[in-house]
Amino acid sequence: MQQTDFSQFQKFLSETDGYFHVLEQQIPVERQMEYFKYSNQLKLEKIPWIEDELEGYEIDLYNPESTEVYKRRILTLFAISSSVAAYRRLEHYVRVAAPEVQDWAYMALMEGRIILESELSDEKQI
């Protein structure tokens, strides 16, 4: 990291309140941005979360005939649901995810963790 980049990063950290989460896997920044843009779009749709539908979504997630786009939607819905049960399913799925959705599954897991920690601690997570 160049000195100016490091200085800007230090300034950002000093001006930001909350707890930071650092990705443990290397995921291209473009994919991260794509994930969070899509996640924000789904949040704006205000899709009601119905815990009874969790199993059906999970079956679709493992179905080889489900499209990559649909699997991404399910993963993102699990992440933003604030459901511990959905988060547990994300934890399991990320270990067996198909390569084409592996990064997406990991991002969903990270967002799910951030959302749950924020709700449980009443502290901002970043």
# chains A, B, ... in the order shown; residues from 1 in each chain; ligands from 1

$ residues_around --residues "A:Leu54" --least-positions-apart "5" --cutoff "10 Å" --atoms "only C-alpha atoms" --output "tab-separated table (two decimals) with N, CA and C atoms, in the first residue's frame"
chain	number	residue	atom	x	y	z
A	49	TRP	N	-39.83	-11.78	5.26
A	49	TRP	CA	-39.15	-13.03	5.54
A	49	TRP	C	-40.12	-13.95	6.27
A	59	ILE	N	-33.77	-26.09	-0.27
A	59	ILE	CA	-33.85	-27.14	-1.29
A	59	ILE	C	-33.50	-26.57	-2.66
A	60	ASP	N	-34.04	-25.40	-2.97
A	60	ASP	CA	-33.72	-24.75	-4.25
A	60	ASP	C	-32.24	-24.41	-4.36
A	74	ILE	N	-31.29	-16.29	-3.38
A	74	ILE	CA	-31.54	-17.03	-2.13
A	74	ILE	C	-30.47	-16.71	-1.10
A	77	LEU	N	-31.02	-13.26	0.23
A	77	LEU	CA	-32.19	-13.23	1.11
A	77	LEU	C	-31.87	-13.84	2.48
A	78	PHE	N	-31.13	-14.94	2.49
A	78	PHE	CA	-30.71	-15.54	3.75
A	78	PHE	C	-29.89	-14.53	4.56
A	83	SER	N	-32.25	-13.83	10.30
A	83	SER	CA	-32.66	-15.12	10.85
A	83	SER	C	-31.42	-15.95	11.21
A	85	ALA	N	-31.48	-19.11	11.86
A	85	ALA	CA	-31.60	-20.36	11.11
A	85	ALA	C	-31.06	-20.19	9.68
A	86	ALA	N	-31.37	-19.07	9.04
A	86	ALA	CA	-30.87	-18.82	7.69
A	86	ALA	C	-29.35	-18.65	7.72
A	89	ARG	N	-27.66	-21.97	7.88
A	89	ARG	CA	-27.68	-22.63	6.57
A	89	ARG	C	-26.61	-22.03	5.65

$ residues_around --residues "A:Ala79" --least-positions-apart "6" --cutoff "8 Å" --atoms "only C-alpha atoms" --output "list in words"
Ala86, Tyr87, Leu90, Ala108, Leu109, Met110, Glu111, Gly112, Arg113 and Ile115 of chain A

$ write_last_selection --atoms "all heavy atoms" --output "PDB file, in the first residue's frame"
ATOM      1  N   ALA A  86     -31.371 -19.074   9.040  1.00  0.00           N
ATOM      2  CA  ALA A  86     -30.870 -18.815   7.690  1.00  0.00           C
ATOM      3  C   ALA A  86     -29.350 -18.649   7.724  1.00  0.00           C
ATOM      4  O   ALA A  86     -28.641 -19.145   6.843  1.00  0.00           O
ATOM      5  CB  ALA A  86     -31.531 -17.576   7.100  1.00  0.00           C
ATOM      6  N   TYR A  87     -28.841 -17.979   8.737  1.00  0.00           N
ATOM      7  CA  TYR A  87     -27.390 -17.801   8.871  1.00  0.00           C
ATOM      8  C   TYR A  87     -26.700 -19.150   9.026  1.00  0.00           C
ATOM      9  O   TYR A  87     -25.656 -19.384   8.413  1.00  0.00           O
ATOM     10  CB  TYR A  87     -27.066 -16.889  10.067  1.00  0.00           C
ATOM     11  CG  TYR A  87     -25.590 -16.746  10.273  1.00  0.00           C
ATOM     12  CD1 TYR A  87     -24.829 -15.912   9.456  1.00  0.00           C
ATOM     13  CD2 TYR A  87     -24.924 -17.472  11.257  1.00  0.00           C
ATOM     14  CE1 TYR A  87     -23.466 -15.796   9.621  1.00  0.00           C
ATOM     15  CE2 TYR A  87     -23.553 -17.364  11.422  1.00  0.00           C
ATOM     16  CZ  TYR A  87     -22.830 -16.519  10.603  1.00  0.00           C
ATOM     17  OH  TYR A  87     -21.470 -16.425  10.761  1.00  0.00           O
ATOM     18  N   LEU A  90     -26.395 -20.726   5.757  1.00  0.00           N
ATOM     19  CA  LEU A  90     -25.317 -20.095   4.994  1.00  0.00           C
ATOM     20  C   LEU A  90     -23.958 -20.655   5.414  1.00  0.00           C
ATOM     21  O   LEU A  90     -23.098 -20.914   4.567  1.00  0.00           O
ATOM     22  CB  LEU A  90     -25.315 -18.579   5.200  1.00  0.00           C
ATOM     23  CG  LEU A  90     -26.349 -17.768   4.434  1.00  0.00           C
ATOM     24  CD1 LEU A  90     -26.334 -16.313   4.902  1.00  0.00           C
ATOM     25  CD2 LEU A  90     -26.107 -17.854   2.944  1.00  0.00           C
ATOM     26  N   ALA A 108     -22.448 -13.369   1.367  1.00  0.00           N
ATOM     27  CA  ALA A 108     -23.730 -13.476   2.076  1.00  0.00           C
ATOM     28  C   ALA A 108     -23.499 -13.881   3.525  1.00  0.00           C
ATOM     29  O   ALA A 108     -24.127 -13.331   4.440  1.00  0.00           O
ATOM     30  CB  ALA A 108     -24.639 -14.479   1.370  1.00  0.00           C
ATOM     31  N   LEU A 109     -22.600 -14.810   3.745  1.00  0.00           N
ATOM     32  CA  LEU A 109     -22.280 -15.232   5.110  1.00  0.00           C
ATOM     33  C   LEU A 109     -21.745 -14.054   5.918  1.00  0.00           C
ATOM     34  O   LEU A 109     -22.161 -13.827   7.058  1.00  0.00           O
ATOM     35  CB  LEU A 109     -21.267 -16.375   5.093  1.00  0.00           C
ATOM     36  CG  LEU A 109     -20.833 -16.910   6.447  1.00  0.00           C
ATOM     37  CD1 LEU A 109     -21.990 -17.595   7.160  1.00  0.00           C
ATOM     38  CD2 LEU A 109     -19.672 -17.877   6.275  1.00  0.00           C
ATOM     39  N   MET A 110     -20.854 -13.292   5.324  1.00  0.00           N
ATOM     40  CA  MET A 110     -20.274 -12.146   6.020  1.00  0.00           C
ATOM     41  C   MET A 110     -21.351 -11.101   6.327  1.00  0.00           C
ATOM     42  O   MET A 110     -21.415 -10.588   7.444  1.00  0.00           O
ATOM     43  CB  MET A 110     -19.169 -11.523   5.165  1.00  0.00           C
ATOM     44  CG  MET A 110     -18.503 -10.358   5.813  1.00  0.00           C
ATOM     45  SD  MET A 110     -17.697 -10.854   7.342  1.00  0.00           S
ATOM     46  CE  MET A 110     -16.173 -10.032   7.159  1.00  0.00           C
ATOM     47  N   GLU A 111     -22.210 -10.805   5.358  1.00  0.00           N
ATOM     48  CA  GLU A 111     -23.262  -9.822   5.611  1.00  0.00           C
ATOM     49  C   GLU A 111     -24.232 -10.329   6.668  1.00  0.00           C
ATOM     50  O   GLU A 111     -24.653  -9.574   7.548  1.00  0.00           O
ATOM     51  CB  GLU A 111     -24.023  -9.460   4.339  1.00  0.00           C
ATOM     52  CG  GLU A 111     -25.067  -8.388   4.625  1.00  0.00           C
ATOM     53  CD  GLU A 111     -25.823  -7.894   3.414  1.00  0.00           C
ATOM     54  OE1 GLU A 111     -26.002  -8.659   2.451  1.00  0.00           O
ATOM     55  OE2 GLU A 111     -26.237  -6.725   3.437  1.00  0.00           O
ATOM     56  N   GLY A 112     -24.580 -11.602   6.605  1.00  0.00           N
ATOM     57  CA  GLY A 112     -25.466 -12.175   7.617  1.00  0.00           C
ATOM     58  C   GLY A 112     -24.887 -12.047   9.012  1.00  0.00           C
ATOM     59  O   GLY A 112     -25.591 -11.692   9.965  1.00  0.00           O
ATOM     60  N   ARG A 113     -23.593 -12.287   9.132  1.00  0.00           N
ATOM     61  CA  ARG A 113     -22.911 -12.161  10.424  1.00  0.00           C
ATOM     62  C   ARG A 113     -22.951 -10.715  10.916  1.00  0.00           C
ATOM     63  O   ARG A 113     -23.233 -10.448  12.083  1.00  0.00           O
ATOM     64  CB  ARG A 113     -21.463 -12.635  10.308  1.00  0.00           C
ATOM     65  CG  ARG A 113     -20.689 -12.570  11.617  1.00  0.00           C
ATOM     66  CD  ARG A 113     -19.246 -13.038  11.467  1.00  0.00           C
ATOM     67  NE  ARG A 113     -19.198 -14.367  10.891  1.00  0.00           N
ATOM     68  CZ  ARG A 113     -18.379 -14.731   9.903  1.00  0.00           C
ATOM     69  NH1 ARG A 113     -17.528 -13.869   9.383  1.00  0.00           N
ATOM     70  NH2 ARG A 113     -18.388 -15.963   9.440  1.00  0.00           N
ATOM     71  N   ILE A 115     -25.106  -8.355  10.125  1.00  0.00           N
ATOM     72  CA  ILE A 115     -26.473  -7.982  10.486  1.00  0.00           C
ATOM     73  C   ILE A 115     -26.850  -8.555  11.844  1.00  0.00           C
ATOM     74  O   ILE A 115     -27.393  -7.853  12.704  1.00  0.00           O
ATOM     75  CB  ILE A 115     -27.460  -8.420   9.382  1.00  0.00           C
ATOM     76  CG1 ILE A 115     -27.277  -7.537   8.144  1.00  0.00           C
ATOM     77  CG2 ILE A 115     -28.904  -8.362   9.883  1.00  0.00           C
ATOM     78  CD1 ILE A 115     -28.025  -8.008   6.915  1.00  0.00           C
TER      79      ILE A 115
END

$ select_by_dssp --residues "stretch 22-68 of chain A" --states "alpha helix (DSSP H)" --output "JSON list (two decimals) with all heavy atoms, in the first residue's frame"
[["chain", "number", "residue", "atom", "x", "y", "z"],
["A", 29, "VAL", "N", -12.80, -6.98, -5.59],
["A", 29, "VAL", "CA", -13.57, -5.81, -5.16],
["A", 29, "VAL", "C", -14.81, -5.64, -6.03],
["A", 29, "VAL", "O", -15.88, -5.31, -5.53],
["A", 29, "VAL", "CB", -12.70, -4.54, -5.18],
["A", 29, "VAL", "CG1", -13.54, -3.29, -4.92],
["A", 29, "VAL", "CG2", -11.58, -4.66, -4.16],
["A", 30, "GLU", "N", -14.67, -5.91, -7.32],
["A", 30, "GLU", "CA", -15.82, -5.78, -8.23],
["A", 30, "GLU", "C", -16.95, -6.70, -7.79],
["A", 30, "GLU", "O", -18.12, -6.33, -7.81],
["A", 30, "GLU", "CB", -15.42, -6.10, -9.68],
["A", 30, "GLU", "CG", -14.40, -5.17, -10.26],
["A", 30, "GLU", "CD", -12.95, -5.53, -9.85],
["A", 30, "GLU", "OE1", -12.69, -6.69, -9.41],
["A", 30, "GLU", "OE2", -12.10, -4.65, -9.95],
["A", 31, "ARG", "N", -16.61, -7.94, -7.39],
["A", 31, "ARG", "CA", -17.63, -8.89, -6.94],
["A", 31, "ARG", "C", -18.26, -8.42, -5.63],
["A", 31, "ARG", "O", -19.45, -8.53, -5.42],
["A", 31, "ARG", "CB", -17.01, -10.28, -6.78],
["A", 31, "ARG", "CG", -17.93, -11.37, -6.22],
["A", 31, "ARG", "CD", -19.17, -11.59, -7.11],
["A", 31, "ARG", "NE", -18.80, -11.85, -8.46],
["A", 31, "ARG", "CZ", -19.02, -12.97, -9.13],
["A", 31, "ARG", "NH1", -19.63, -13.96, -8.56],
["A", 31, "ARG", "NH2", -18.65, -13.09, -10.38],
["A", 32, "GLN", "N", -17.44, -7.87, -4.73],
["A", 32, "GLN", "CA", -17.96, -7.35, -3.47],
["A", 32, "GLN", "C", -18.95, -6.22, -3.74],
["A", 32, "GLN", "O", -20.04, -6.18, -3.14],
["A", 32, "GLN", "CB", -16.83, -6.84, -2.58],
["A", 32, "GLN", "CG", -15.91, -7.92, -2.07],
["A", 32, "GLN", "CD", -14.78, -7.36, -1.24],
["A", 32, "GLN", "OE1", -15.01, -6.51, -0.39],
["A", 32, "GLN", "NE2", -13.56, -7.84, -1.47],
["A", 33, "MET", "N", -18.59, -5.32, -4.63],
["A", 33, "MET", "CA", -19.46, -4.20, -4.96],
["A", 33, "MET", "C", -20.76, -4.71, -5.61],
["A", 33, "MET", "O", -21.85, -4.21, -5.30],
["A", 33, "MET", "CB", -18.75, -3.22, -5.90],
["A", 33, "MET", "CG", -17.51, -2.59, -5.29],
["A", 33, "MET", "SD", -17.84, -1.68, -3.79],
["A", 33, "MET", "CE", -18.76, -0.31, -4.44],
["A", 34, "GLU", "N", -20.63, -5.68, -6.49],
["A", 34, "GLU", "CA", -21.80, -6.27, -7.14],
["A", 34, "GLU", "C", -22.72, -6.88, -6.08],
["A", 34, "GLU", "O", -23.94, -6.70, -6.14],
["A", 34, "GLU", "CB", -21.35, -7.34, -8.13],
["A", 34, "GLU", "CG", -22.45, -8.04, -8.86],
["A", 34, "GLU", "CD", -21.94, -9.18, -9.75],
["A", 34, "GLU", "OE1", -20.72, -9.47, -9.76],
["A", 34, "GLU", "OE2", -22.77, -9.79, -10.42],
["A", 35, "TYR", "N", -22.14, -7.60, -5.13],
["A", 35, "TYR", "CA", -22.93, -8.23, -4.08],
["A", 35, "TYR", "C", -23.69, -7.18, -3.26],
["A", 35, "TYR", "O", -24.89, -7.28, -3.06],
["A", 35, "TYR", "CB", -22.08, -9.10, -3.14],
["A", 35, "TYR", "CG", -22.90, -9.59, -1.97],
["A", 35, "TYR", "CD1", -23.67, -10.74, -2.10],
["A", 35, "TYR", "CD2", -22.98, -8.87, -0.79],
["A", 35, "TYR", "CE1", -24.49, -11.15, -1.07],
["A", 35, "TYR", "CE2", -23.81, -9.28, 0.24],
["A", 35, "TYR", "CZ", -24.55, -10.42, 0.10],
["A", 35, "TYR", "OH", -25.38, -10.82, 1.11],
["A", 36, "PHE", "N", -22.97, -6.17, -2.77],
["A", 36, "PHE", "CA", -23.62, -5.18, -1.90],
["A", 36, "PHE", "C", -24.64, -4.33, -2.64],
["A", 36, "PHE", "O", -25.66, -3.93, -2.08],
["A", 36, "PHE", "CB", -22.59, -4.33, -1.16],
["A", 36, "PHE", "CG", -21.97, -5.08, -0.02],
["A", 36, "PHE", "CD1", -20.63, -5.41, -0.04],
["A", 36, "PHE", "CD2", -22.73, -5.48, 1.07],
["A", 36, "PHE", "CE1", -20.06, -6.12, 1.01],
["A", 36, "PHE", "CE2", -22.18, -6.19, 2.12],
["A", 36, "PHE", "CZ", -20.83, -6.51, 2.09],
["A", 37, "LYS", "N", -24.41, -4.07, -3.92],
["A", 37, "LYS", "CA", -25.40, -3.35, -4.72],
["A", 37, "LYS", "C", -26.68, -4.18, -4.82],
["A", 37, "LYS", "O", -27.78, -3.68, -4.61],
["A", 37, "LYS", "CB", -24.84, -3.04, -6.11],
["A", 37, "LYS", "CG", -25.79, -2.27, -6.99],
["A", 37, "LYS", "CD", -25.16, -1.97, -8.34],
["A", 37, "LYS", "CE", -26.15, -1.23, -9.22],
["A", 37, "LYS", "NZ", -25.61, -0.97, -10.55],
["A", 38, "TYR", "N", -26.53, -5.47, -5.10],
["A", 38, "TYR", "CA", -27.68, -6.35, -5.21],
["A", 38, "TYR", "C", -28.39, -6.49, -3.86],
["A", 38, "TYR", "O", -29.61, -6.44, -3.77],
["A", 38, "TYR", "CB", -27.24, -7.72, -5.73],
["A", 38, "TYR", "CG", -28.38, -8.67, -5.95],
["A", 38, "TYR", "CD1", -29.24, -8.52, -7.04],
["A", 38, "TYR", "CD2", -28.61, -9.73, -5.08],
["A", 38, "TYR", "CE1", -30.30, -9.38, -7.24],
["A", 38, "TYR", "CE2", -29.67, -10.60, -5.28],
["A", 38, "TYR", "CZ", -30.50, -10.42, -6.36],
["A", 38, "TYR", "OH", -31.56, -11.28, -6.56],
["A", 39, "SER", "N", -27.62, -6.64, -2.81],
["A", 39, "SER", "CA", -28.18, -6.76, -1.45],
["A", 39, "SER", "C", -29.00, -5.53, -1.10],
["A", 39, "SER", "O", -30.11, -5.63, -0.57],
["A", 39, "SER", "CB", -27.04, -6.96, -0.44],
["A", 39, "SER", "OG", -27.53, -6.92, 0.87],
["A", 40, "ASN", "N", -28.48, -4.37, -1.40],
["A", 40, "ASN", "CA", -29.22, -3.12, -1.13],
["A", 40, "ASN", "C", -30.51, -3.05, -1.94],
["A", 40, "ASN", "O", -31.52, -2.56, -1.44],
["A", 40, "ASN", "CB", -28.34, -1.90, -1.40],
["A", 40, "ASN", "CG", -27.29, -1.72, -0.32],
["A", 40, "ASN", "OD1", -27.47, -2.13, 0.82],
["A", 40, "ASN", "ND2", -26.17, -1.12, -0.68],
["A", 41, "GLN", "N", -30.48, -3.54, -3.18],
["A", 41, "GLN", "CA", -31.70, -3.56, -4.00],
["A", 41, "GLN", "C", -32.75, -4.46, -3.37],
["A", 41, "GLN", "O", -33.93, -4.10, -3.30],
["A", 41, "GLN", "CB", -31.39, -4.05, -5.42],
["A", 41, "GLN", "CG", -30.64, -3.05, -6.26],
["A", 41, "GLN", "CD", -30.20, -3.64, -7.59],
["A", 41, "GLN", "OE1", -30.18, -4.85, -7.79],
["A", 41, "GLN", "NE2", -29.82, -2.77, -8.51],
["A", 42, "LEU", "N", -32.33, -5.64, -2.88],
["A", 42, "LEU", "CA", -33.28, -6.55, -2.24],
["A", 42, "LEU", "C", -33.84, -5.94, -0.95],
["A", 42, "LEU", "O", -35.02, -6.11, -0.66],
["A", 42, "LEU", "CB", -32.62, -7.90, -1.93],
["A", 42, "LEU", "CG", -32.51, -8.89, -3.07],
["A", 42, "LEU", "CD1", -31.97, -10.23, -2.56],
["A", 42, "LEU", "CD2", -33.83, -9.10, -3.78],
["A", 43, "LYS", "N", -33.01, -5.24, -0.21],
["A", 43, "LYS", "CA", -33.48, -4.60, 1.01],
["A", 43, "LYS", "C", -34.56, -3.56, 0.70],
["A", 43, "LYS", "O", -35.53, -3.43, 1.43],
["A", 43, "LYS", "CB", -32.32, -3.93, 1.76],
["A", 43, "LYS", "CG", -31.38, -4.91, 2.42],
["A", 43, "LYS", "CD", -30.18, -4.19, 3.00],
["A", 43, "LYS", "CE", -29.13, -5.17, 3.46],
["A", 43, "LYS", "NZ", -27.86, -4.52, 3.80],
["A", 44, "LEU", "N", -34.39, -2.85, -0.41],
["A", 44, "LEU", "CA", -35.38, -1.84, -0.81],
["A", 44, "LEU", "C", -36.71, -2.49, -1.22],
["A", 44, "LEU", "O", -37.76, -1.88, -1.10],
["A", 44, "LEU", "CB", -34.84, -0.98, -1.95],
["A", 44, "LEU", "CG", -33.68, -0.05, -1.59],
["A", 44, "LEU", "CD1", -33.13, 0.64, -2.84],
["A", 44, "LEU", "CD2", -34.12, 0.98, -0.56],
["A", 45, "GLU", "N", -36.64, -3.73, -1.70],
["A", 45, "GLU", "CA", -37.87, -4.45, -2.09],
["A", 45, "GLU", "C", -38.70, -4.84, -0.86],
["A", 45, "GLU", "O", -39.88, -5.14, -0.99],
["A", 45, "GLU", "CB", -37.53, -5.71, -2.88],
["A", 45, "GLU", "CG", -37.02, -5.44, -4.27],
["A", 45, "GLU", "CD", -36.69, -6.72, -5.03],
["A", 45, "GLU", "OE1", -37.34, -7.77, -4.77],
["A", 45, "GLU", "OE2", -35.79, -6.67, -5.88],
["A", 54, "LEU", "N", -38.03, -21.18, 4.65],
["A", 54, "LEU", "CA", -36.58, -21.40, 4.69],
["A", 54, "LEU", "C", -36.19, -22.74, 4.07],
["A", 54, "LEU", "O", -35.27, -22.82, 3.26],
["A", 54, "LEU", "CB", -36.09, -21.31, 6.14],
["A", 54, "LEU", "CG", -34.60, -21.47, 6.38],
["A", 54, "LEU", "CD1", -33.81, -20.39, 5.67],
["A", 54, "LEU", "CD2", -34.32, -21.42, 7.87],
["A", 55, "GLU", "N", -36.89, -23.79, 4.44],
["A", 55, "GLU", "CA", -36.54, -25.12, 3.94],
["A", 55, "GLU", "C", -36.71, -25.21, 2.42],
["A", 55, "GLU", "O", -35.88, -25.80, 1.73],
["A", 55, "GLU", "CB", -37.40, -26.18, 4.62],
["A", 55, "GLU", "CG", -36.92, -27.59, 4.34],
["A", 55, "GLU", "CD", -37.67, -28.62, 5.16],
["A", 55, "GLU", "OE1", -38.01, -28.35, 6.34],
["A", 55, "GLU", "OE2", -37.92, -29.71, 4.62],
["A", 56, "GLY", "N", -37.76, -24.61, 1.90],
["A", 56, "GLY", "CA", -37.97, -24.61, 0.46],
["A", 56, "GLY", "C", -36.86, -23.88, -0.29],
["A", 56, "GLY", "O", -36.38, -24.35, -1.32],
["A", 57, "TYR", "N", -36.47, -22.73, 0.25],
["A", 57, "TYR", "CA", -35.34, -22.00, -0.34],
["A", 57, "TYR", "C", -34.06, -22.83, -0.29],
["A", 57, "TYR", "O", -33.28, -22.85, -1.24],
["A", 57, "TYR", "CB", -35.09, -20.68, 0.39],
["A", 57, "TYR", "CG", -36.04, -19.56, 0.03],
["A", 57, "TYR", "CD1", -36.62, -18.78, 1.03],
["A", 57, "TYR", "CD2", -36.33, -19.24, -1.29],
["A", 57, "TYR", "CE1", -37.47, -17.73, 0.72],
["A", 57, "TYR", "CE2", -37.18, -18.19, -1.61],
["A", 57, "TYR", "CZ", -37.75, -17.44, -0.60],
["A", 57, "TYR", "OH", -38.58, -16.41, -0.91],
["A", 58, "GLU", "N", -33.86, -23.50, 0.82],
["A", 58, "GLU", "CA", -32.65, -24.31, 0.96],
["A", 58, "GLU", "C", -32.63, -25.45, -0.06],
["A", 58, "GLU", "O", -31.60, -25.71, -0.67],
["A", 58, "GLU", "CB", -32.53, -24.87, 2.37],
["A", 58, "GLU", "CG", -31.22, -25.61, 2.58],
["A", 58, "GLU", "CD", -31.04, -26.06, 4.02],
["A", 58, "GLU", "OE1", -32.04, -26.29, 4.72],
["A", 58, "GLU", "OE2", -29.88, -26.22, 4.42],
["A", 59, "ILE", "N", -33.77, -26.09, -0.27],
["A", 59, "ILE", "CA", -33.85, -27.14, -1.29],
["A", 59, "ILE", "C", -33.50, -26.57, -2.66],
["A", 59, "ILE", "O", -32.72, -27.17, -3.41],
["A", 59, "ILE", "CB", -35.26, -27.78, -1.28],
["A", 59, "ILE", "CG1", -35.44, -28.61, 0.00],
["A", 59, "ILE", "CG2", -35.48, -28.64, -2.53],
["A", 59, "ILE", "CD1", -36.87, -29.04, 0.27],
["A", 60, "ASP", "N", -34.04, -25.40, -2.97],
["A", 60, "ASP", "CA", -33.72, -24.75, -4.25],
["A", 60, "ASP", "C", -32.24, -24.41, -4.36],
["A", 60, "ASP", "O", -31.66, -24.49, -5.44],
["A", 60, "ASP", "CB", -34.54, -23.47, -4.43],
["A", 60, "ASP", "CG", -36.01, -23.74, -4.69],
["A", 60, "ASP", "OD1", -36.37, -24.89, -5.03],
["A", 60, "ASP", "OD2", -36.81, -22.80, -4.53],
["A", 61, "LEU", "N", -31.64, -24.04, -3.26],
["A", 61, "LEU", "CA", -30.22, -23.68, -3.25],
["A", 61, "LEU", "C", -29.34, -24.86, -3.65],
["A", 61, "LEU", "O", -28.36, -24.70, -4.37],
["A", 61, "LEU", "CB", -29.83, -23.17, -1.86],
["A", 61, "LEU", "CG", -28.50, -22.49, -1.69],
["A", 61, "LEU", "CD1", -28.35, -21.30, -2.61],
["A", 61, "LEU", "CD2", -28.33, -22.05, -0.24],
["A", 62, "TYR", "N", -29.70, -26.05, -3.21],
["A", 62, "TYR", "CA", -28.93, -27.25, -3.51],
["A", 62, "TYR", "C", -29.35, -27.92, -4.82],
["A", 62, "TYR", "O", -28.69, -28.85, -5.28],
["A", 62, "TYR", "CB", -29.03, -28.25, -2.36],
["A", 62, "TYR", "CG", -28.22, -27.83, -1.16],
["A", 62, "TYR", "CD1", -28.81, -27.11, -0.13],
["A", 62, "TYR", "CD2", -26.87, -28.14, -1.06],
["A", 62, "TYR", "CE1", -28.07, -26.72, 0.98],
["A", 62, "TYR", "CE2", -26.13, -27.77, 0.04],
["A", 62, "TYR", "CZ", -26.73, -27.05, 1.06],
["A", 62, "TYR", "OH", -25.99, -26.66, 2.15],
["A", 68, "GLU", "N", -27.82, -19.87, -11.46],
["A", 68, "GLU", "CA", -26.88, -19.12, -10.63],
["A", 68, "GLU", "C", -27.52, -17.84, -10.10],
["A", 68, "GLU", "O", -27.35, -17.47, -8.94],
["A", 68, "GLU", "CB", -25.63, -18.78, -11.44],
["A", 68, "GLU", "CG", -24.58, -18.00, -10.69],
["A", 68, "GLU", "CD", -23.37, -17.67, -11.53],
["A", 68, "GLU", "OE1", -23.14, -18.32, -12.58],
["A", 68, "GLU", "OE2", -22.63, -16.75, -11.14]]

$ closest_residue --among "A:Thr67, A:Ser82, A:Ile114, A:Arg88" --to "A:Val101" --atoms "only C-alpha atoms"
A:Thr67

$ closest_residue --among "A:Ser66, A:His92, A:Ser81, A:Ala98" --to "A:Pro48" --atoms "only C-alpha atoms"
A:Ser81

$ closest_residue --among "A:Val84, A:Glu65, A:Glu53, A:Gln26" --to "A:Trp104" --atoms "only C-alpha atoms"
A:Gln26

$ atom_distance --atom1 "atom CA of A:Glu119" --atom2 "atom CA of A:Lys71"
25.5 Å

$ residues_around --residues "A:Gln25" --least-positions-apart "3" --cutoff "10 Å" --atoms "only C-alpha atoms" --output "list in words"
Val22, Pro28, Asp103, Tyr106 and Met107 of chain A

$ write_last_selection --atoms "C-alpha atoms" --output "PDB file, in the first residue's frame"
ATOM      1  CA  VAL A  22     -12.325  -8.006   7.409  1.00  0.00           C
ATOM      2  CA  PRO A  28     -12.396  -9.295  -6.074  1.00  0.00           C
ATOM      3  CA  ASP A 103     -17.694 -15.856  -3.575  1.00  0.00           C
ATOM      4  CA  TYR A 106     -19.077 -16.082   1.340  1.00  0.00           C
ATOM      5  CA  MET A 107     -20.227 -12.469   0.965  1.00  0.00           C
TER       6      MET A 107
END

$ atom_distance --atom1 "atom CA of A:Glu100" --atom2 "atom CA of A:Leu116"
25.9 Å

$ atom_distance --atom1 "atom CA of A:Ala105" --atom2 "atom CA of A:Glu91"
8.9 Å
